[in-house]
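To keep things clear, I will list the structure first and then write my remarks on it.
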Amino acid sequence: MSLCYYLIAILPVLTQQSEDLAKPPVNEPREPEQFLMQAPQGNPLLLSHTLQELLSKDSVQVELIPEKKGLFLKHVEYEVSSKRFKCSVYRRYNDFVVFHEMLLQKFPYRMVPALPPKRMLGADREFIESRRRALKRFINLVARHPPFSEDVLLKLFLSFSGSDVQNKLRELVQGVGDEFMTCRLATQAKDFLPADIQAQFAASRELIRNIYNSFYKLRDRAERIASRAIENASDLLIFGKELSALGSDTTPLPSWAALNNSTWGTLKQALKGLSVEFALLADKAVQQGKQEENDVVEKLNLFLDLLQSYKDLCERHEKGVLHKHQRALHKYSMMKKQMMSATVQNKEPESVEQLESRIVEQENAILTMELRNYFSLYCLHQETQLIHIYLPLTSHILGAFVNSQIQGHKEMSKVWNELKPKLSCLFVGSSNMPTPPLSPPEGNFFSN
């Protein structure tokens with residue numbers, strides 16, 4: 001199935017599923033200016049951003065700056081340029097790692113995109129370029145994420161030009177606490193959640209898993225299409241070179257073929273000149289393949305990175321705060337049983353008081369875990385909305401793919417048409433009359 005057909009097939013499904021996103025009832029708003037997320041009047045849970053607003057928050061470029069020490073490449077630096085902050089800074093991969101760690105520490109209930117893998121021994125240029133692209137996608141997703149975009153961590157990472165950026169990032173987070181501790185809405189998050197939030201969470205998770213699987217297949221097909229264009233360019237170039245080699249052949253013509261000497265010389269001259277057009281065709285094919293890599297494959301990778309960060313967030317919710325909450329409840333239940341047993345057995349007052357104190361501490365821990373659980377669900381609800389805000393990117397990708405195909409075929413068609421008249425001399429015999437036609441007659445070429 002072609003990429004274009006596949007996109008058209010799933011787009012109505014994704015649009016309908018996006019419209020089914022729940023709209024929960026909420027209580028009266030509490031000072032919206034305190035909230036981290038921008039929200040419409042009366043509902044701090046809902047996001048008001050459009051895709052264009054998110055994309056216009058910033059555009060960050062990441063370019064390679066290899067640093068050589070001696071004869072060997074020791075490490076790679078990146079020039080990170082922010083359009084929003086109007087500055088460029090130099091960052092190494094480990095700087096990105098610390099920045100990523102601090103984001104997760106401060107925003108454990110938000111979608112923090114994953115980083116590409118650390119450099120391996122013997123990493124080639126292809127790996128380094130692939131990682132540069134992944135780092136660019138990462139920083140742009142972070143720079144356009146509503147809470148992250150307004151946080152001091154991002155500003156420091158994109159604008160601080162000192163040499164100790166890693167320590168500066170750690171200092172910003174040290175002793176501050178995560179988003180639950182700093183957001184004034186955290187303890188009230190439950191009031192804004194719908195009663196069936198758990199069911200909505202399960203449904204959203206399943207939907208986004210399906211969307212991820214579809215976009216993964218789209219990306220795979222887009223990569224193959226772009227690769228085929230580049231492979232086609234290589235074949236066209238080799239084809240032209242072989243024609244040129246044939247036209248440049250200096251092997252003497254045998255005496256028994258002397259009657260056709262002028263014909264072979266004319267053919268060789270014509271064949272030799274065709275290599276220019278085939279080189280131009282190869283260049284057009286490469287341009288089309290590269291354009292599809294940048295405008296189609298990279299946009300698909302960007303959206304896949306976002307979807308993967310949502311899947312990772314869901315796992316953190318289940319394995320993190322939800323699991324801790326369940327463990328705290330289990331521990332509390334065991335303490336209550338011990339308390340009942342101690343009361344029945346008339347144990348020492350001191351041991352009973354210690355047990356009571358531990359139960360009170362555990363009750364407080366359970367309350368905190370419960371509040372964190374609701375705040376995590378609150379953030380998940382908003383992050384789900386963010387995924388749906390990004391869904392119209394599908395039409396951008398489809399448009400880029402169609403435009404690339406139209407432009408590529410148009411430019412190559414022009415070169416083919418310019419090449420066609422140059423073939424006429426190939427079919428001129430000794431009587432200077434065309435011999436075979438330039439194209440086979442209608443019907444089966446091999447028919448009798």
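The chains in the structure tokens are called A, B, ... from first to last as shown; in each chain the residues are counted from 1, and the ligands are counted from 1 in the order shown.
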- Message: When you look at Gln188 in chain A with a cut-off of 9 Å (counting only C-alpha atoms), what residues show up, excluding the ones that are within fewer than 4 positions of it in the same chain? I need them as a ChimeraX atom specification.
- Response: /A:184,192,371,374-375
- Near-range 306-308 of chain A list (8 Å; only C-alpha atoms; drop same-chain fewer than 3 positions) as a VMD selection string: chain A and resid 111 113 141 208 212 302 to 303 311 to 312 387
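Taking CA of Asp95 in chain A as the reference point, CA of Asn301 in chain A is found at 22.4 Å.
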- Query: Which residue out of A:Ser234, A:Gln52, A:Asn140, A:Gln407 has the minimum interatomic distance to Leu280 in chain A when only C-alpha atoms are used?
  - Reply: A:Ser234
- Counting only C-alpha atoms, what is within 10 Å of Phe148 in chain A, bar same-chain residues fewer than 6 positions away, as a list in words? Leu36, Leu103, Lys106, Phe107, Arg110, Met111, Val112, Leu141, Val142, Leu154 and Lys155 of chain A
Those residues with C-alpha atoms, as a compact mmCIF listing (two decimals), in the first residue's frame please?
# COMPACT_ATOMS: atom_id res chain seq x y z
CA LEU A 36 1.08 26.08 34.69
CA LEU A 103 13.29 17.44 33.06
CA LYS A 106 11.07 18.15 37.71
CA PHE A 107 8.23 16.96 35.43
CA ARG A 110 4.69 14.98 31.67
CA MET A 111 5.78 13.67 28.27
CA VAL A 112 9.58 13.94 28.25
CA LEU A 141 9.41 18.87 21.12
CA VAL A 142 10.61 20.13 24.51
CA LEU A 154 14.85 25.24 28.94
CA LYS A 155 15.93 28.88 28.92
- Task: Can you pull out every residue within 12 Å of range 222-230 of chain A, counting only C-alpha atoms, but drop anything in the same chain fewer than 6 positions away, and send it as a PyMOL selection string?
- Result: chain A and resi 1-7+215-216+236-237+281-301+397-398+400-402+404-405+408-409+412
- Message: What's around range 164-179 of chain A at 7 Å? Count only C-alpha atoms, leave out sequence neighbours fewer than 3 positions away in its own chain, and write the answer as a PyMOL selection string.
- Response: chain A and resi 95+98-99+102+105-107+153+160+182-183
